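Undergrad: What follows is input13.txt; its format and atoms are compact mmCIF, C-alpha atoms.
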```
# COMPACT_ATOMS: atom_id res chain seq x y z
CA MET A 13 -65.95 6.73 27.70
CA THR A 14 -65.58 10.43 27.14
CA ARG A 15 -68.04 11.64 24.50
CA ILE A 16 -69.36 10.66 21.10
CA HIS A 17 -66.44 12.27 19.25
CA ASP A 18 -64.08 9.74 20.86
CA MET A 19 -64.59 7.12 18.15
CA GLY A 20 -61.13 5.58 17.64
CA GLY A 21 -61.48 1.79 17.37
CA ARG A 22 -65.26 1.81 17.02
CA PHE A 23 -66.84 -0.94 14.90
CA GLY A 24 -69.54 -0.61 12.30
CA ASP A 25 -68.74 2.54 10.30
CA GLY A 26 -68.35 0.95 6.88
CA PRO A 27 -65.77 1.66 4.18
CA VAL A 28 -63.52 4.69 3.79
CA VAL A 29 -64.24 6.28 0.42
CA PRO A 30 -61.21 7.90 -1.25
CA GLU A 31 -61.74 11.05 -3.31
CA PRO A 32 -59.67 12.98 -5.85
CA GLU A 33 -57.42 15.82 -4.73
CA HIS A 34 -59.28 18.53 -6.61
CA VAL A 35 -62.41 18.06 -4.47
CA LYS A 36 -62.16 20.71 -1.76
CA PHE A 37 -65.77 21.14 -0.66
CA HIS A 38 -68.95 19.12 -1.12
CA ALA A 39 -71.58 21.89 -1.06
CA ASP A 40 -71.65 25.60 -1.89
CA TRP A 41 -72.15 26.53 1.75
CA HIS A 42 -69.12 24.56 3.01
CA PRO A 43 -66.45 27.16 2.15
CA ARG A 44 -68.64 29.86 3.72
CA ALA A 45 -69.01 27.81 6.92
CA LEU A 46 -65.25 27.30 7.06
CA ALA A 47 -64.50 30.98 6.55
CA ILE A 48 -67.10 32.25 9.05
CA THR A 49 -65.71 29.90 11.69
CA LEU A 50 -62.10 30.95 11.10
CA ALA A 51 -63.03 34.64 11.02
CA CYS A 52 -64.98 34.42 14.30
CA GLY A 53 -62.10 32.54 15.88
CA THR A 54 -59.92 35.63 15.50
CA LEU A 55 -62.24 37.77 17.68
CA GLY A 56 -60.45 36.40 20.74
CA LEU A 57 -63.63 35.16 22.48
CA TRP A 58 -62.44 31.58 22.77
CA ASN A 59 -59.40 29.40 22.22
CA ILE A 60 -59.05 26.25 20.10
CA ASP A 61 -59.74 23.97 23.06
CA VAL A 62 -62.95 25.82 23.95
CA SER A 63 -64.11 25.48 20.34
CA ARG A 64 -63.29 21.75 20.20
CA HIS A 65 -65.20 21.23 23.42
CA ALA A 66 -68.19 23.10 21.99
CA ARG A 67 -68.30 20.67 19.03
CA GLU A 68 -67.96 17.68 21.32
CA SER A 69 -70.74 19.01 23.54
CA LEU A 70 -73.30 18.73 20.77
CA SER A 71 -75.81 16.08 21.79
CA PRO A 72 -74.79 12.62 20.56
CA LYS A 73 -77.85 12.67 18.31
CA ASP A 74 -76.79 15.96 16.67
CA TYR A 75 -73.12 14.97 16.48
CA GLY A 76 -74.06 11.74 14.74
CA ARG A 77 -76.41 13.24 12.16
CA PHE A 78 -74.57 16.50 11.42
CA SER A 79 -72.02 16.65 8.63
CA TYR A 80 -68.59 18.09 9.41
CA TYR A 81 -69.37 21.73 8.68
CA GLU A 82 -72.81 21.46 10.30
CA LYS A 83 -71.00 20.58 13.52
CA TRP A 84 -68.81 23.64 13.03
CA MET A 85 -71.82 25.91 12.48
CA ALA A 86 -73.76 24.52 15.42
CA ALA A 87 -70.84 24.85 17.81
CA LEU A 88 -70.12 28.35 16.52
CA ALA A 89 -73.70 29.47 17.15
CA ASP A 90 -73.55 27.99 20.65
CA LEU A 91 -70.23 29.73 21.40
CA LEU A 92 -71.43 33.08 20.07
CA VAL A 93 -74.41 32.97 22.43
CA GLU A 94 -72.37 31.61 25.33
CA THR A 95 -69.88 34.47 25.06
CA GLY A 96 -72.58 37.08 24.59
CA ALA A 97 -71.42 38.06 21.10
CA VAL A 98 -74.85 37.22 19.64
CA THR A 99 -78.18 36.83 21.43
CA ARG A 100 -80.66 33.98 21.18
CA ALA A 101 -83.23 36.42 19.82
CA GLU A 102 -80.83 37.44 17.04
CA LEU A 103 -80.31 33.81 16.06
CA GLU A 104 -84.01 33.14 16.08
CA GLN A 105 -85.02 36.27 14.18
CA GLY A 106 -82.09 36.21 11.76
CA VAL A 107 -81.34 39.89 12.21
CA SER A 108 -78.95 41.86 14.35
CA GLU A 109 -80.28 43.99 17.20
CA SER A 110 -77.18 46.17 17.45
CA VAL A 111 -73.64 46.54 16.19
CA SER A 112 -71.25 44.61 18.42
CA ASN A 113 -68.74 46.40 20.64
CA LEU A 114 -66.21 43.92 19.23
CA ALA A 115 -66.69 45.22 15.68
CA ASP A 116 -63.30 46.94 15.66
CA LYS A 117 -61.67 43.55 16.26
CA ARG A 118 -63.18 41.84 13.23
CA LEU A 119 -60.86 40.19 10.75
CA VAL A 120 -60.54 42.36 7.65
CA ALA A 121 -59.55 41.03 4.23
CA ALA A 122 -56.12 42.66 4.29
CA ALA A 123 -55.24 40.88 7.54
CA VAL A 124 -56.23 37.36 6.45
CA ALA A 125 -52.93 36.23 4.96
CA GLY A 126 -50.99 37.44 7.99
CA VAL A 127 -53.33 35.81 10.49
CA LEU A 128 -53.31 32.42 8.71
CA ALA A 129 -49.52 32.54 8.35
CA LYS A 130 -49.02 33.45 12.00
CA GLY A 131 -51.06 30.54 13.38
CA GLY A 132 -51.37 29.92 17.10
CA PRO A 133 -48.48 27.97 18.57
CA ALA A 134 -49.32 25.81 21.61
CA THR A 135 -45.80 25.56 23.04
CA ARG A 136 -45.16 27.46 26.27
CA ASP A 137 -42.48 27.80 28.88
CA SER A 138 -43.29 25.49 31.76
CA ASN A 139 -41.82 25.02 35.19
CA LEU A 140 -42.69 21.31 34.97
CA ALA A 141 -39.61 19.34 34.03
CA PRO A 142 -40.11 16.28 31.84
CA PHE A 143 -40.42 13.17 34.03
CA TYR A 144 -39.85 10.76 31.17
CA ALA A 145 -37.24 10.25 28.49
CA VAL A 146 -37.35 8.56 25.08
CA GLY A 147 -37.42 4.80 25.63
CA ASP A 148 -39.20 4.93 28.99
CA VAL A 149 -42.21 2.70 29.46
CA VAL A 150 -45.29 4.51 30.82
CA THR A 151 -48.85 3.64 31.76
CA ILE A 152 -51.64 5.73 30.27
CA ARG A 153 -54.36 6.87 32.68
CA ALA A 154 -57.10 4.24 32.95
CA MET A 155 -59.92 6.78 32.92
CA PRO A 156 -60.23 8.70 29.62
CA GLU A 157 -61.84 11.66 31.35
CA ASN A 158 -61.03 15.19 32.38
CA VAL A 159 -59.90 14.83 36.02
CA MET A 160 -60.54 18.53 36.82
CA VAL A 161 -63.98 19.06 35.31
CA PRO A 162 -66.61 16.29 35.26
CA GLY A 163 -67.62 15.65 31.66
CA GLY A 164 -64.99 18.15 30.54
CA HIS A 165 -62.70 18.18 27.54
CA THR A 166 -59.76 15.81 27.28
CA ARG A 167 -57.49 14.58 24.50
CA LEU A 168 -57.00 11.10 25.93
CA PRO A 169 -58.86 8.71 23.61
CA SER A 170 -60.65 5.87 25.37
CA TYR A 171 -59.08 3.17 23.19
CA ALA A 172 -55.65 3.90 24.73
CA ALA A 173 -56.78 4.33 28.32
CA GLY A 174 -55.00 2.02 30.75
CA ALA A 175 -52.52 0.73 28.15
CA SER A 176 -48.76 0.72 28.51
CA GLY A 177 -46.62 2.45 25.93
CA THR A 178 -43.11 3.66 25.19
CA ILE A 179 -42.06 7.29 24.90
CA VAL A 180 -40.80 7.91 21.36
CA ARG A 181 -40.59 11.71 21.34
CA LEU A 182 -40.69 14.69 23.67
CA HIS A 183 -42.46 17.64 22.03
CA GLY A 184 -41.67 20.23 24.69
CA ALA A 185 -44.28 21.83 26.96
CA HIS A 186 -47.72 22.40 25.40
CA VAL A 187 -50.93 24.04 26.61
CA LEU A 188 -53.06 21.48 28.48
CA PRO A 189 -56.46 21.24 26.71
CA ASP A 190 -58.18 19.77 29.80
CA SER A 191 -57.61 23.10 31.55
CA ASN A 192 -57.64 25.55 28.65
CA ALA A 193 -60.98 24.29 27.27
CA HIS A 194 -62.64 25.43 30.49
CA ARG A 195 -60.82 28.76 30.73
CA LEU A 196 -58.93 27.50 33.77
CA GLY A 197 -55.56 28.59 32.43
CA GLU A 198 -53.12 27.17 29.90
CA ALA A 199 -51.35 24.98 32.50
CA PRO A 200 -48.58 23.89 30.07
CA GLU A 201 -47.05 20.45 30.59
CA PRO A 202 -44.49 18.29 28.80
CA LEU A 203 -46.10 16.54 25.83
CA TYR A 204 -44.89 13.17 24.58
CA ALA A 205 -45.45 10.89 21.60
CA VAL A 206 -46.23 7.51 23.14
CA ALA A 207 -46.15 4.29 21.08
CA VAL A 208 -48.64 1.59 22.01
CA LYS A 209 -48.55 -1.87 20.46
CA ALA A 210 -51.71 -2.72 18.54
CA ARG A 211 -51.71 -6.09 20.31
CA ASP A 212 -51.93 -4.32 23.69
CA ILE A 213 -55.11 -2.42 22.81
CA TRP A 214 -57.00 -4.64 20.34
CA ALA A 215 -58.16 -8.21 20.84
CA HIS A 216 -57.56 -8.95 17.16
CA PRO A 217 -54.58 -6.87 15.99
CA GLU A 218 -53.89 -7.00 12.26
CA HIS A 219 -50.15 -7.55 12.68
CA PRO A 220 -47.94 -8.28 15.72
CA GLU A 221 -45.60 -5.34 15.04
CA ASP A 222 -48.19 -2.63 14.31
CA GLU A 223 -48.36 0.36 16.64
CA VAL A 224 -50.49 3.38 17.36
CA ILE A 225 -48.71 6.53 18.50
CA LEU A 226 -50.54 9.20 20.48
CA ASP A 227 -49.50 12.63 21.73
CA LEU A 228 -50.15 12.59 25.47
CA TRP A 229 -49.53 15.13 28.23
CA GLN A 230 -47.44 14.27 31.27
CA SER A 231 -50.45 14.23 33.62
CA TYR A 232 -52.05 11.53 31.42
CA LEU A 233 -49.09 9.24 32.18
CA SER A 234 -47.57 7.43 35.12
CA ALA A 235 -44.57 5.18 35.64
CA PRO A 236 -45.58 1.52 35.31
CA MET B 8 -94.56 24.48 30.22
CA ARG B 9 -90.87 24.83 30.97
CA GLY B 10 -88.70 23.17 28.41
CA LYS B 11 -91.28 23.34 25.64
CA CYS B 12 -90.14 25.03 22.48
CA GLY B 13 -91.39 28.54 22.16
CA LEU B 14 -89.53 31.78 22.57
CA GLY B 15 -90.21 33.21 25.98
CA LEU B 16 -90.44 29.79 27.54
CA TRP B 17 -86.72 29.19 27.16
CA THR B 18 -84.56 28.99 30.20
CA PHE B 19 -81.93 31.56 29.37
CA VAL B 20 -78.41 30.71 30.43
CA ASN B 21 -76.10 33.67 30.50
CA VAL B 22 -72.48 32.74 30.72
CA ARG B 23 -70.18 35.65 31.32
CA ALA B 24 -66.90 35.54 29.47
CA HIS B 25 -64.80 35.55 32.63
CA ASP B 26 -66.55 32.59 34.23
CA PRO B 27 -65.10 29.21 33.38
CA PRO B 28 -67.90 27.61 31.35
CA MET B 29 -68.52 24.16 32.69
CA PRO B 30 -69.69 21.40 30.38
CA HIS B 31 -73.23 22.22 29.45
CA ASP B 32 -75.31 19.28 28.48
CA HIS B 33 -78.78 20.20 27.40
CA SER B 34 -81.50 18.50 25.49
CA ASP B 35 -81.16 19.16 21.76
CA HIS B 36 -83.62 22.03 21.88
CA ASP B 37 -81.74 23.94 24.57
CA HIS B 38 -78.67 24.45 22.39
CA PRO B 39 -78.78 27.93 20.85
CA HIS B 40 -77.89 26.46 17.45
CA SER B 41 -81.34 24.87 17.28
CA LEU B 42 -82.79 28.39 16.90
CA LEU B 43 -81.23 28.65 13.43
CA PRO B 44 -82.94 27.30 10.29
CA SER B 45 -82.59 23.53 10.04
CA ASP B 46 -81.41 23.54 6.42
CA PRO B 47 -77.61 23.86 6.64
CA ALA B 48 -77.30 26.24 3.68
CA LEU B 49 -79.89 28.58 5.22
CA ARG B 50 -78.25 28.18 8.62
CA VAL B 51 -74.91 29.41 7.29
CA LYS B 52 -76.60 32.24 5.40
CA ALA B 53 -78.47 33.32 8.54
CA LEU B 54 -75.28 33.33 10.64
CA GLU B 55 -73.35 35.25 8.01
CA THR B 56 -76.12 37.86 7.81
CA ILE B 57 -76.34 38.36 11.56
CA LEU B 58 -72.57 38.48 12.03
CA THR B 59 -72.09 40.90 9.14
CA GLN B 60 -74.79 43.21 10.49
CA LYS B 61 -73.18 43.11 13.91
CA GLY B 62 -69.83 44.02 12.40
CA LEU B 63 -68.23 40.79 13.63
CA ILE B 64 -67.22 39.50 10.21
CA ASP B 65 -66.17 41.12 6.97
CA PRO B 66 -67.54 39.27 3.91
CA ALA B 67 -64.44 40.28 1.94
CA ALA B 68 -62.29 38.55 4.56
CA LEU B 69 -64.38 35.39 4.13
CA ASP B 70 -63.70 35.52 0.38
CA GLU B 71 -60.00 35.88 1.09
CA ILE B 72 -59.98 32.85 3.44
CA ILE B 73 -61.83 30.74 0.88
CA ASP B 74 -59.48 31.80 -1.92
CA THR B 75 -56.50 30.88 0.26
CA TYR B 76 -57.66 27.29 0.83
CA GLU B 77 -59.19 26.80 -2.60
CA ASN B 78 -56.30 28.16 -4.63
CA LYS B 79 -53.17 28.94 -2.63
CA ILE B 80 -52.58 26.35 0.09
CA GLY B 81 -52.82 22.67 -0.86
CA PRO B 82 -50.90 19.40 -1.26
CA LYS B 83 -48.44 20.99 -3.70
CA ASN B 84 -46.71 22.51 -0.68
CA GLY B 85 -46.21 19.11 0.91
CA ALA B 86 -45.15 17.61 -2.41
CA HIS B 87 -42.49 20.30 -2.73
CA VAL B 88 -41.09 19.35 0.69
CA VAL B 89 -41.11 15.63 -0.12
CA ALA B 90 -39.47 16.06 -3.53
CA ARG B 91 -36.75 18.17 -1.97
CA ALA B 92 -36.18 15.58 0.77
CA TRP B 93 -35.84 12.87 -1.90
CA SER B 94 -33.31 15.00 -3.78
CA ASP B 95 -31.19 16.45 -0.97
CA PRO B 96 -29.93 14.21 1.87
CA ASP B 97 -28.90 17.14 4.09
CA PHE B 98 -32.32 18.75 3.71
CA LYS B 99 -33.99 15.43 4.51
CA ALA B 100 -31.86 14.93 7.63
CA ALA B 101 -32.71 18.42 8.89
CA LEU B 102 -36.41 17.94 8.10
CA LEU B 103 -36.63 14.66 10.01
CA ASP B 104 -34.61 16.05 12.91
CA ASP B 105 -36.61 19.26 13.46
CA ALA B 106 -39.14 20.15 10.78
CA ASP B 107 -40.35 23.53 12.06
CA PRO B 108 -37.34 25.71 11.15
CA VAL B 109 -36.94 23.93 7.82
CA LEU B 110 -40.59 24.47 6.89
CA ALA B 111 -40.57 28.07 8.14
CA GLU B 112 -37.63 28.71 5.82
CA MET B 113 -39.76 27.45 2.90
CA ASP B 114 -42.65 29.66 4.06
CA TYR B 115 -44.83 26.67 4.92
CA TYR B 116 -45.52 27.66 8.49
CA GLY B 117 -49.03 28.69 9.57
CA ARG B 118 -52.40 27.88 11.08
CA GLN B 119 -52.73 24.17 11.94
CA GLY B 120 -49.09 23.54 11.15
CA GLU B 121 -47.38 25.29 14.02
CA HIS B 122 -45.66 22.12 15.33
CA MET B 123 -44.73 19.76 12.51
CA VAL B 124 -43.16 16.33 12.69
CA VAL B 125 -42.22 14.50 9.48
CA VAL B 126 -42.16 10.70 9.69
CA GLU B 127 -40.31 8.64 7.10
CA ASN B 128 -41.60 5.48 5.45
CA THR B 129 -38.99 2.75 5.04
CA ASP B 130 -38.95 -0.91 4.04
CA ALA B 131 -39.54 -1.70 7.73
CA VAL B 132 -42.19 0.90 8.67
CA HIS B 133 -45.20 2.45 6.97
CA ASN B 134 -46.60 5.55 8.70
CA MET B 135 -50.21 6.70 8.56
CA VAL B 136 -51.87 9.76 10.13
CA VAL B 137 -55.34 10.15 11.67
CA CYS B 138 -57.12 12.30 14.22
CA THR B 139 -59.59 10.05 16.01
CA LEU B 140 -60.97 12.84 18.23
CA CYS B 141 -61.66 15.45 15.52
CA SER B 142 -59.84 16.02 12.22
CA CYS B 143 -56.45 17.61 12.95
CA TYR B 144 -54.41 17.87 9.75
CA PRO B 145 -51.31 19.79 8.54
CA TRP B 146 -53.09 22.61 6.71
CA PRO B 147 -50.05 24.67 5.56
CA LEU B 148 -48.65 21.59 3.79
CA LEU B 149 -51.77 19.78 2.58
CA GLY B 150 -54.59 22.35 2.63
CA ILE B 151 -57.96 21.45 4.09
CA PRO B 152 -58.52 17.76 4.81
CA PRO B 153 -60.38 15.55 2.32
CA GLY B 154 -63.87 14.33 3.17
CA TRP B 155 -62.75 10.80 4.00
CA TYR B 156 -60.13 12.04 6.49
CA LYS B 157 -62.93 13.74 8.44
CA SER B 158 -65.31 10.78 8.14
CA ASP B 159 -66.40 8.66 11.09
CA ALA B 160 -65.23 5.57 9.20
CA TYR B 161 -61.63 6.78 8.88
CA ARG B 162 -61.47 8.19 12.42
CA ALA B 163 -62.89 4.98 13.89
CA ARG B 164 -61.02 2.42 11.81
CA ALA B 165 -57.53 3.82 11.06
CA VAL B 166 -56.23 2.94 14.53
CA ARG B 167 -57.77 -0.54 14.77
CA GLU B 168 -57.46 -1.84 11.22
CA PRO B 169 -55.09 0.37 9.23
CA ARG B 170 -54.30 -2.42 6.75
CA LYS B 171 -57.96 -2.89 5.87
CA VAL B 172 -58.27 0.87 5.41
CA LEU B 173 -55.16 0.90 3.20
CA ALA B 174 -56.68 -1.86 1.08
CA GLU B 175 -59.63 0.45 0.42
CA PHE B 176 -57.08 2.88 -1.06
CA GLY B 177 -55.63 0.04 -3.16
CA VAL B 178 -52.51 -0.34 -1.01
CA THR B 179 -51.24 -3.71 0.24
CA LEU B 180 -48.14 -3.67 2.42
CA PRO B 181 -45.56 -6.45 2.54
CA GLU B 182 -45.78 -8.69 5.62
CA GLY B 183 -42.40 -7.42 6.85
CA GLN B 184 -43.49 -3.78 6.98
CA ALA B 185 -45.00 -2.65 10.31
CA VAL B 186 -47.66 0.06 10.40
CA ARG B 187 -47.30 3.05 12.72
CA VAL B 188 -50.53 5.03 12.98
CA TRP B 189 -50.03 8.53 14.39
CA ASP B 190 -53.17 9.76 16.18
CA SER B 191 -52.96 13.58 16.21
CA THR B 192 -54.29 14.09 19.72
CA ALA B 193 -52.39 17.36 20.40
CA GLU B 194 -51.35 20.42 18.34
CA VAL B 195 -48.51 18.49 16.70
CA ARG B 196 -49.22 17.79 13.04
CA TYR B 197 -47.68 14.89 11.15
CA LEU B 198 -46.61 14.60 7.53
CA VAL B 199 -45.56 11.26 6.04
CA LEU B 200 -42.43 11.23 3.90
CA PRO B 201 -43.33 8.48 1.41
CA GLN B 202 -40.72 6.15 -0.06
CA ARG B 203 -39.19 7.37 -3.29
CA PRO B 204 -40.46 5.17 -6.10
CA GLU B 205 -38.07 3.01 -8.08
CA GLY B 206 -37.06 4.21 -11.50
CA THR B 207 -36.86 7.89 -10.52
CA GLU B 208 -33.07 8.20 -10.27
CA GLY B 209 -32.67 10.76 -13.03
CA LEU B 210 -35.68 12.94 -12.18
CA ASP B 211 -35.32 16.51 -10.96
CA GLU B 212 -37.28 18.06 -8.12
CA ALA B 213 -40.13 19.31 -10.33
CA ALA B 214 -40.62 15.90 -11.93
CA LEU B 215 -40.52 14.21 -8.53
CA MET B 216 -43.12 16.62 -7.15
CA ALA B 217 -45.63 15.38 -9.69
CA LEU B 218 -45.37 11.86 -8.21
CA VAL B 219 -46.17 12.91 -4.64
CA THR B 220 -49.88 12.45 -4.02
CA ARG B 221 -51.79 13.97 -1.12
CA ASP B 222 -52.80 10.53 0.10
CA SER B 223 -49.16 9.38 0.15
CA MET B 224 -48.35 12.22 2.58
CA ILE B 225 -51.17 11.09 4.93
CA GLY B 226 -49.92 7.50 4.59
CA CYS B 227 -53.04 6.25 2.82
CA GLY B 228 -51.28 5.88 -0.50
CA LEU B 229 -47.86 5.43 -2.03
CA ALA B 230 -46.05 7.89 -4.27
CA ALA B 231 -46.93 7.39 -7.93
CA ARG B 232 -44.50 5.68 -10.30
CA PRO B 233 -43.22 7.69 -13.24
```
Rewrite the coordinates I just gave you, this time as C-alpha cells.
TA:
Amino acid sequence: MTRIHDMGGRFGDGPVVPEPEHVKFHADWHPRALAITLACGTLGLWNIDVSRHARESLSPKDYGRFSYYEKWMAALADLLVETGAVTRAELEQGVSESVSNLADKRLVAAAVAGVLAKGGPATRDSNLAPFYAVGDVVTIRAMPENVMVPGGHTRLPSYAAGASGTIVRLHGAHVLPDSNAHRLGEAPEPLYAVAVKARDIWAHPEHPEDEVILDLWQSYLSAP
Amino acid sequence: MRGKCGLGLWTFVNVRAHDPPMPHDHSDHDHPHSLLPSDPALRVKALETILTQKGLIDPAALDEIIDTYENKIGPKNGAHVVARAWSDPDFKAALLDDADPVLAEMDYYGRQGEHMVVVENTDAVHNMVVCTLCSCYPWPLLGIPPGWYKSDAYRARAVREPRKVLAEFGVTLPEGQAVRVWDSTAEVRYLVLPQRPEGTEGLDEAALMALVTRDSMIGCGLAARP
C-alpha cells in the first residue's frame, strides 16, 4: 500500500450521488479555500507534486474525516509553515508578525486570467528514449511505492501494482512526480497510457472485456 | 511533557526551502494545520487574514479566481468542443489525433488542461474518467469537478465496478459495449466524446451543444436526446 489517498478498488464506500451541473460549491467558504490555494500556488514555493504529497501526508484519520477543501486548507497550512512563508505562531495567533519578503510575488487580480490560461505544462525534453511502443505488453512494478524516498509520493496506484498491461499511447516525456514531489529534480521520463484488463486486477470483474487505463512512467514498467 | 499540546512545548521542525523535504509523518497534533481553528469556515478565514496581512495574497485576486470558475469556465466549453466534433468530421479527426493544438485554437487551454486526450465512445466502447489518487479533472473544458467526482465512493469504485456506478447515474450499457476507465494518474486530462444521439441529424452546433451534459463528458452519462 502507499497511503490512504490510494483508494482505487476499495470496498465499502457506498453509493455515488449525482448532482446538478449548477452546483459549484457546497459551502460559502469553499470558493475562498479554492482561491487561496491557487493564489498561494503561484508564489513559487512548491510544485504540484509537492502539494499533492502534502495532502497525502495528512494523517489517515484527518484525510478520512476532512472534506475535499479541508484537505486543501490543511495541506496549504502545512506547506506554508514548511517553506517558512508563515510561522506556527502566526497560524496559532491568527495574525501576521511581519510582511513577507515574497509580497512582491503575490498574484494580483489583473494577472489571474493570464496565469490560469498559461497553466503549468509537465512535458519536458528528456534524454531517455521510449523503451516501449504502442501494442507492447509490459509488467507494472509490483511495489506501489516510491523507490527513491521511503514513504514518498508516487502515482502508481496499488490496485494496478504487479499487473500486466498493454501500451495504448505514448504521451511524451513528463516530469516524474516521485522525484519532483521531494524537490529532487524533475527527472522527466517517457509516460505511457497502459491498458489493464479488469479480469487481471479484480477477482470479480463486471465484464470480461472491461479495462482500466492508467498513465504510468517508464520506470514504473518492465518488459514481461 | 514533550509532545503535549501547548505552545512552547512543540518540537519545531524548520525545513529550509532548498532541502529536499522528506515524508514527514507526525501525530495529528504535530501538523501545523492543527494550530488553526477547527471549524473549517473559521480556518479559511484565519488563513486568508494572515496571508493578506503578510502580503502573500490579494483578496481581489481571490475574487477574480472565484468569478472565473463560477461564471466563465465550465462544461459549456466542453460541450462546444463535442458539438463541433459531431458536426465536423475533419475537426473530430484532428481532435482525436492530437487535442492540444485544436483546443488551444479554441482558447480552451489552461490550468489543469495542459495535456488533453479526447476519447470517443462507440457502439463497442464506453469511456469513463476518474482520478483514484486525488481528483484530476479537465478544468478548462469542464470547470471545477462536481462533488461526486471528488468523493471517496467514486474514486474507490469507478475502477472496480464502473457499471454499478453508471447504474447510479441511470445508465445501463448494452452487453456488447466494453467499458474503458481512464485513471488520470499523471498530468494528462481526459475528455469523453459521447455518442451523438439519434434523431439529431438536422440540428446545428448550438442545438447540439444543449444536449451535451457535463456527466456525458466524464463518461458517467449519455448525451441527452432532443
Undergrad: Please write as a list in words the list of polymer residues whose atoms come within 10 Å of (-49.1, 6.2, 36.5), counting only C-alpha atoms and keeping to the coordinates of the file.
TA: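 Returned residue set, sorted by chain then number, is Val150, Thr151, Ile152, Arg153, Ala154, Gly174, Ser176, Gln230, Ser231, Tyr232, Leu233, Ser234, Ala235 and Pro236 of chain A.
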Undergrad: Could you write out that same residue set with C-alpha atoms as a short mmCIF file (atom, residue, chain, number, x, y, z; two decimals), keeping the file's coordinate frame?
TA:
```cif
data_model
loop_
_atom_site.label_atom_id
_atom_site.label_comp_id
_atom_site.auth_asym_id
_atom_site.auth_seq_id
_atom_site.Cartn_x
_atom_site.Cartn_y
_atom_site.Cartn_z
CA VAL A 150 -45.29 4.51 30.82
CA THR A 151 -48.85 3.64 31.76
CA ILE A 152 -51.64 5.73 30.27
CA ARG A 153 -54.36 6.87 32.68
CA ALA A 154 -57.10 4.24 32.95
CA GLY A 174 -55.00 2.02 30.75
CA SER A 176 -48.76 0.72 28.51
CA GLN A 230 -47.44 14.27 31.27
CA SER A 231 -50.45 14.23 33.62
CA TYR A 232 -52.05 11.53 31.42
CA LEU A 233 -49.09 9.24 32.18
CA SER A 234 -47.57 7.43 35.12
CA ALA A 235 -44.57 5.18 35.64
CA PRO A 236 -45.58 1.52 35.31
#
```
Undergrad: As a PyMOL selection string, please: the residues near B:Ala165 (cut-off 10 Å, only C-alpha atoms, same-chain neighbours under 4 positions excluded).
TA: (chain A and resi 20-22+28+224) or (chain B and resi 135-139+156+160-161+169-173+188-190+227)
Undergrad: Let's have the selection written as a PDB file, keeping the file's coordinate frame, with C-alpha atoms.
TA:
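Once written, result-v8.pdb looks like this:
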```
ATOM      1  CA  GLY A  20     -61.130   5.580  17.640  1.00  0.00           C
ATOM      2  CA  GLY A  21     -61.480   1.790  17.370  1.00  0.00           C
ATOM      3  CA  ARG A  22     -65.260   1.810  17.020  1.00  0.00           C
ATOM      4  CA  VAL A  28     -63.520   4.690   3.790  1.00  0.00           C
ATOM      5  CA  VAL A 224     -50.490   3.380  17.360  1.00  0.00           C
TER       6      VAL A 224
ATOM      7  CA  MET B 135     -50.210   6.700   8.560  1.00  0.00           C
ATOM      8  CA  VAL B 136     -51.870   9.760  10.130  1.00  0.00           C
ATOM      9  CA  VAL B 137     -55.340  10.150  11.670  1.00  0.00           C
ATOM     10  CA  CYS B 138     -57.120  12.300  14.220  1.00  0.00           C
ATOM     11  CA  THR B 139     -59.590  10.050  16.010  1.00  0.00           C
ATOM     12  CA  TYR B 156     -60.130  12.040   6.490  1.00  0.00           C
ATOM     13  CA  ALA B 160     -65.230   5.570   9.200  1.00  0.00           C
ATOM     14  CA  TYR B 161     -61.630   6.780   8.880  1.00  0.00           C
ATOM     15  CA  PRO B 169     -55.090   0.370   9.230  1.00  0.00           C
ATOM     16  CA  ARG B 170     -54.300  -2.420   6.750  1.00  0.00           C
ATOM     17  CA  LYS B 171     -57.960  -2.890   5.870  1.00  0.00           C
ATOM     18  CA  VAL B 172     -58.270   0.870   5.410  1.00  0.00           C
ATOM     19  CA  LEU B 173     -55.160   0.900   3.200  1.00  0.00           C
ATOM     20  CA  VAL B 188     -50.530   5.030  12.980  1.00  0.00           C
ATOM     21  CA  TRP B 189     -50.030   8.530  14.390  1.00  0.00           C
ATOM     22  CA  ASP B 190     -53.170   9.760  16.180  1.00  0.00           C
ATOM     23  CA  CYS B 227     -53.040   6.250   2.820  1.00  0.00           C
TER      24      CYS B 227
END
```
Undergrad: Just checking: using all atoms listed in the file, which residue out of A:Gly76, A:Ala210, A:Ala185, A:Ala215 ends up closest to A:Leu228?
TA: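 Under the stated criterion, the closest residue is A:Ala185.
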Undergrad: Would you mind telling me which residue in A:Val93, A:Val62, A:Thr99, A:Pro162 lies nearest to A:Gly197 when using only C-alpha atoms?
TA: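 Closest candidate: A:Val62.
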Undergrad: Between atom CA of A:Gly131 and atom CA of A:Thr95, what is the distance, to one decimal in Å?
TA: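 Interatomic distance here is 22.5 Å.
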Undergrad: Given only C-alpha atoms as the basis, pick out the residue of B:Ile57, B:Thr179, B:Val125, B:Lys99 nearest to chain A.
TA: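 Of all the options, B:Ile57 lies closest to chain A.
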Undergrad: Would you mind listing what lies within 12 Å of B:Arg50 as a list in words, with only C-alpha atoms counted and same-chain residues fewer than 5 positions away left out?
TA: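 Residues near the query, excluding close chain neighbours: Trp41, His42, Arg44, Ala45, Ile48, Tyr81, Glu82, Lys83, Trp84, Met85, Ala86, Leu88, Ala89, Leu103, Glu104, Gln105 and Gly106 of chain A; His40, Ser41, Leu42, Leu43, Pro44, Ser45, Glu55, Thr56 and Ile57 of chain B.
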Undergrad: Around the point (-34.7, 14.5, 9.4) (coordinates from the file), which residues reach within 12 Å if we count all atoms listed in the file? Answer as JSON, numbers by chain.
TA: {"B": [88, 89, 92, 93, 95, 96, 97, 98, 99, 100, 101, 102, 103, 104, 105, 106, 107, 108, 109, 110, 123, 124, 125, 126, 127, 199, 200]}
Undergrad: Could you state the separation of atom CA of B:Asn84 and atom CA of A:Thr135 in Å, given to one decimal place?
TA: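 Separation of atom CA of B:Asn84 and atom CA of A:Thr135: 23.9 Å.
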Undergrad: Which residues come within 12 Å of B:Arg203, counting all atoms listed in the file, excluding same-chain residues fewer than 4 positions away, as a list in words?
TA: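 My reading of the contact set: Ala86, Val89, Ala90, Arg91, Ala92, Trp93, Ser94, Glu127, Asn128, Thr129, Asp130, Val199, Thr207, Glu208, Leu210, Glu212, Leu215, Met216, Leu218, Val219, Thr220, Ser223, Met224, Leu229, Ala230, Ala231, Arg232 and Pro233 of chain B.
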